[in-house]
Amino acid sequence: MKRQKLKESETIELKKSLAELKQGLISIASILNKHQAGTLWFGVDNNGEITGGVSAGEKTLRDLSQTVAAHIEPKIFPEITLEQLEGKICIKVVFKGKDTPYFAYGKAYIRVADEDRQLSASELKHIILEKAHVNLNWDSEPSGKGIRSIDHEKLKIFIKKTGLSWSSPVDVLKKLDVLKNDKVLNAATLFFAKSPLLLLRCAVFSGITSSDILDRHDFEGDILMLIEEAQKYILKNIHIGMQVKGLYREDIPEISKDAIREAIINAFCHRDYRDPDYVQVAVFKDRVEIRNPGGLLEGLTIEELRMGNVSKRRNPLVAELLRRIHMVEAWGRGIPLILEMEPDVEFKEIAKLFITSFKRRALKDVTAKGEKTKNGKSPTPKETPKKPKRNPKEIILNILKELPSLSIREIAEQSGMSVYSVQHQINRLKEDGVIKHVGPTKGGRWEGFSGQTL
């Protein structure tokens, strides 16, 4: 059986002879900084041709090992062996290491395709900071805020979902491991802070690029609120099919609702919270993308991710809090569940953004499994007629005309909008000089700015 020809790649480097030793060591550092593992061959030309010509003595291997030790920092301990290829002696160097950044002859390099490029100062700084972030998780760091920053109602609702007993805010935060030295940790602020901490950016585009935007909406709030808002926004802007099941009508979105939810939860659970960017939802004509800042951790690849049984957590405390309310599993089953429900899903990593991309199916493909009509065929789904879009400001104003004494929460119940969305629209109406609140917070009423009734 003919041996497959060796070929240079992001993890394999070929050198004609030991005369190219220095460049070979640079390649080792370069590959380690990108992939944390690789192979270097001496006695193989860069086109894959076996040249051999390497001394087979023990001294050759010992000298090579000493040169690696002398010129690569931090220290690595590669496996160096003599290999016979096509009857010629070659040297194989297998190396690995996770103590990035690595330096060769005092300089740091990164692997790009099959070439080695010296790292700039900013790129080197990023690698060092990323390593520090992994060693000290953001969600486990003190936020600098005390108990007063916590919304007790949010905390009580959360505790009820977990099944734990309520005692006091301090005791409960300690039980959740998010309070240290009377300072709440960053994870607690994501879930329980009084003031909105996170931003979610959503948009709908007319085509398959972002050149023509049809709708855009930004949401602020805690992590649980934004998970719900992201899901509602997607379901509102994709096609919904119809399936008659027995005597009842069943709505079927063109993308699995459960897969969408898992992807959104993953985005908020695994995003890089040190990055000032935000989670994004982009609805295109042919796909829906959920994007979060922060690439895959510690050399994890998309291929390994798709294979399943791989769970590396950037924010273990956030993941644990979500697990307590049954939104994630302890075994990291999020990606396998998405693949099970949407096998065509695509995962991408672009410019430190992790992207989950769902293909939008034609409505004729949106059917429920197992349901047949009298002729034995699956019924053809019909698109639910779209209701005309109503301006949220108009909805709120119409409610207040009839019931001017409602609270924000009561307006949300009447309108079907979230409390945050109502508060956002009320603030805009007040800023625009349309309405004002007269009287105490409890028991007051809403009026037009000139005092007239709405």
# chains A, B, ... in the order shown; residues from 1 in each chain; ligands from 1

$ residues_around --residues "Ile255 (chain A)" --least-positions-apart "2" --cutoff "8 Å" --atoms "only C-alpha atoms" --output "JSON, numbers by chain"
{"A": [253, 257, 259, 260, 342, 358, 359, 360, 361]}

$ residues_around --residues "Ile28 (chain A)" --least-positions-apart "2" --cutoff "12 Å" --atoms "only C-alpha atoms" --output "ChimeraX atom specification"
/A:10-15,21-26,30-41,68-69,71-78,93-97,101-105,108-111,114-116

$ residues_around --residues "Glu340 (chain A)" --least-positions-apart "4" --cutoff "12 Å" --atoms "only C-alpha atoms" --output "PyMOL selection string"
chain A and resi 256+258-259+262+306-308+333-336+344-345

$ residues_around --residues "Ser17 (chain A)" --least-positions-apart "4" --cutoff "10 Å" --atoms "only C-alpha atoms" --output "ChimeraX atom specification"
/A:21,24,41-45,51-55,90-91

$ write_last_selection --atoms "N, CA and C atoms" --output "PDB file, in the first residue's frame"
ATOM      1  N   LEU A  21      17.271  24.072  10.754  1.00  0.00           N
ATOM      2  CA  LEU A  21      16.856  23.848  12.138  1.00  0.00           C
ATOM      3  C   LEU A  21      16.223  25.088  12.775  1.00  0.00           C
ATOM      4  N   GLY A  24      12.855  25.594  11.616  1.00  0.00           N
ATOM      5  CA  GLY A  24      12.013  24.528  12.153  1.00  0.00           C
ATOM      6  C   GLY A  24      11.544  24.826  13.565  1.00  0.00           C
ATOM      7  N   TRP A  41       8.939  17.576  10.574  1.00  0.00           N
ATOM      8  CA  TRP A  41       9.763  16.543   9.922  1.00  0.00           C
ATOM      9  C   TRP A  41      11.051  17.169   9.368  1.00  0.00           C
ATOM     10  N   PHE A  42      12.174  16.504   9.600  1.00  0.00           N
ATOM     11  CA  PHE A  42      13.433  16.836   8.930  1.00  0.00           C
ATOM     12  C   PHE A  42      13.751  15.693   7.968  1.00  0.00           C
ATOM     13  N   GLY A  43      14.123  16.053   6.727  1.00  0.00           N
ATOM     14  CA  GLY A  43      14.406  15.046   5.716  1.00  0.00           C
ATOM     15  C   GLY A  43      13.271  14.913   4.725  1.00  0.00           C
ATOM     16  N   VAL A  44      12.349  15.906   4.750  1.00  0.00           N
ATOM     17  CA  VAL A  44      11.223  15.924   3.810  1.00  0.00           C
ATOM     18  C   VAL A  44      11.115  17.336   3.230  1.00  0.00           C
ATOM     19  N   ASP A  45      11.174  17.436   1.910  1.00  0.00           N
ATOM     20  CA  ASP A  45      11.071  18.745   1.260  1.00  0.00           C
ATOM     21  C   ASP A  45       9.652  19.292   1.436  1.00  0.00           C
ATOM     22  N   THR A  51      13.735  13.462   1.188  1.00  0.00           N
ATOM     23  CA  THR A  51      15.130  13.743   0.844  1.00  0.00           C
ATOM     24  C   THR A  51      16.088  12.936   1.715  1.00  0.00           C
ATOM     25  N   GLY A  52      15.682  12.627   2.946  1.00  0.00           N
ATOM     26  CA  GLY A  52      16.557  11.885   3.856  1.00  0.00           C
ATOM     27  C   GLY A  52      17.807  12.677   4.161  1.00  0.00           C
ATOM     28  N   GLY A  53      18.924  12.012   4.156  1.00  0.00           N
ATOM     29  CA  GLY A  53      20.192  12.708   4.381  1.00  0.00           C
ATOM     30  C   GLY A  53      20.395  13.135   5.821  1.00  0.00           C
ATOM     31  N   VAL A  54      19.640  12.533   6.753  1.00  0.00           N
ATOM     32  CA  VAL A  54      19.775  12.882   8.170  1.00  0.00           C
ATOM     33  C   VAL A  54      20.619  11.823   8.862  1.00  0.00           C
ATOM     34  N   SER A  55      21.562  12.252   9.671  1.00  0.00           N
ATOM     35  CA  SER A  55      22.412  11.318  10.404  1.00  0.00           C
ATOM     36  C   SER A  55      21.577  10.467  11.337  1.00  0.00           C
ATOM     37  N   CYS A  90      14.667   9.857   8.233  1.00  0.00           N
ATOM     38  CA  CYS A  90      14.132  11.191   8.531  1.00  0.00           C
ATOM     39  C   CYS A  90      13.965  11.323  10.045  1.00  0.00           C
ATOM     40  N   ILE A  91      13.793  12.542  10.492  1.00  0.00           N
ATOM     41  CA  ILE A  91      13.546  12.792  11.913  1.00  0.00           C
ATOM     42  C   ILE A  91      12.129  13.344  12.078  1.00  0.00           C
TER      43      ILE A  91
END

$ atom_distance --atom1 "CA of Pro392 (chain A)" --atom2 "CA of Val279 (chain A)"
23.2 Å

$ select_by_dssp --residues "region 35-132 of chain A" --states "strand (DSSP E or B)" --output "PyMOL selection string"
chain A and resi 37-42+44+50+72-73+79-85+88-96+103-104+107-112+115-118

$ residues_around --residues "Glu289 (chain A)" --least-positions-apart "3" --cutoff "8 Å" --atoms "only C-alpha atoms" --output "number ranges by chain"
A: 280-284, 355-358

$ residues_around --residues "region 217-220 of chain A" --least-positions-apart "2" --cutoff "7 Å" --atoms "only C-alpha atoms" --output "tab-separated table (two decimals) with C-alpha atoms, in the first residue's frame"
chain	number	residue	atom	x	y	z
A	196	PRO	CA	-29.68	46.41	33.33
A	197	LEU	CA	-26.21	45.10	32.65
A	198	LEU	CA	-26.33	43.31	29.30
A	199	LEU	CA	-27.16	44.36	25.75
A	200	LEU	CA	-28.74	42.22	23.05
A	201	ARG	CA	-28.78	43.50	19.46
A	202	CYS	CA	-31.32	42.06	17.01
A	203	ALA	CA	-31.91	42.82	13.33
A	215	ASP	CA	-35.82	46.09	11.44

$ select_by_dssp --residues "region 159-287 of chain A" --states "alpha helix (DSSP H)" --output "number ranges by chain"
A: 159-162, 169-175, 186-192, 223-236, 257-270

$ write_last_selection --atoms "C-alpha atoms" --output "tab-separated table (two decimals), in the first residue's frame"
chain	number	residue	atom	x	y	z
A	159	ILE	CA	-34.62	30.58	44.17
A	160	LYS	CA	-38.20	29.38	43.74
A	161	LYS	CA	-37.23	27.85	40.38
A	162	THR	CA	-34.26	26.05	41.94
A	169	PRO	CA	-30.38	37.59	50.31
A	170	VAL	CA	-26.97	37.10	51.92
A	171	ASP	CA	-27.55	33.45	52.79
A	172	VAL	CA	-29.04	32.68	49.38
A	173	LEU	CA	-26.16	34.32	47.49
A	174	LYS	CA	-23.72	32.31	49.61
A	175	LYS	CA	-25.61	29.10	48.82
A	186	ASN	CA	-19.85	39.11	38.39
A	187	ALA	CA	-22.06	36.07	37.77
A	188	ALA	CA	-24.60	37.40	40.29
A	189	THR	CA	-24.82	40.78	38.53
A	190	LEU	CA	-25.78	39.06	35.26
A	191	PHE	CA	-28.79	37.42	36.91
A	192	PHE	CA	-29.85	39.63	39.81
A	223	ILE	CA	-29.32	37.37	31.26
A	224	LEU	CA	-32.63	35.53	31.73
A	225	MET	CA	-34.66	38.41	30.29
A	226	LEU	CA	-32.46	38.65	27.20
A	227	ILE	CA	-32.61	34.91	26.55
A	228	GLU	CA	-36.41	35.25	26.37
A	229	GLU	CA	-36.27	38.41	24.22
A	230	ALA	CA	-33.86	36.81	21.73
A	231	GLN	CA	-36.11	33.78	21.31
A	232	LYS	CA	-39.26	35.90	20.89
A	233	TYR	CA	-37.56	38.12	18.32
A	234	ILE	CA	-36.50	35.17	16.15
A	235	LEU	CA	-39.88	33.43	16.31
A	236	LYS	CA	-41.61	36.71	15.44
A	257	LYS	CA	-37.86	26.27	18.63
A	258	ASP	CA	-35.86	24.08	21.02
A	259	ALA	CA	-32.73	24.34	18.84
A	260	ILE	CA	-33.08	28.12	18.74
A	261	ARG	CA	-33.40	28.27	22.51
A	262	GLU	CA	-30.36	26.04	23.09
A	263	ALA	CA	-28.25	28.21	20.77
A	264	ILE	CA	-29.33	31.39	22.54
A	265	ILE	CA	-28.60	29.93	25.98
A	266	ASN	CA	-25.18	28.75	24.73
A	267	ALA	CA	-24.43	32.25	23.40
A	268	PHE	CA	-25.07	33.89	26.78
A	269	CYS	CA	-23.52	31.06	28.79
A	270	HIS	CA	-20.23	30.80	26.86

$ atom_distance --atom1 "CA of Arg409 (chain A)" --atom2 "CA of Val422 (chain A)"
8.2 Å

$ residues_around --residues "region 136-151 of chain A" --least-positions-apart "6" --cutoff "7 Å" --atoms "only C-alpha atoms" --output "PyMOL selection string"
chain A and resi 182-187+192-194+273-274+314-315+317-318
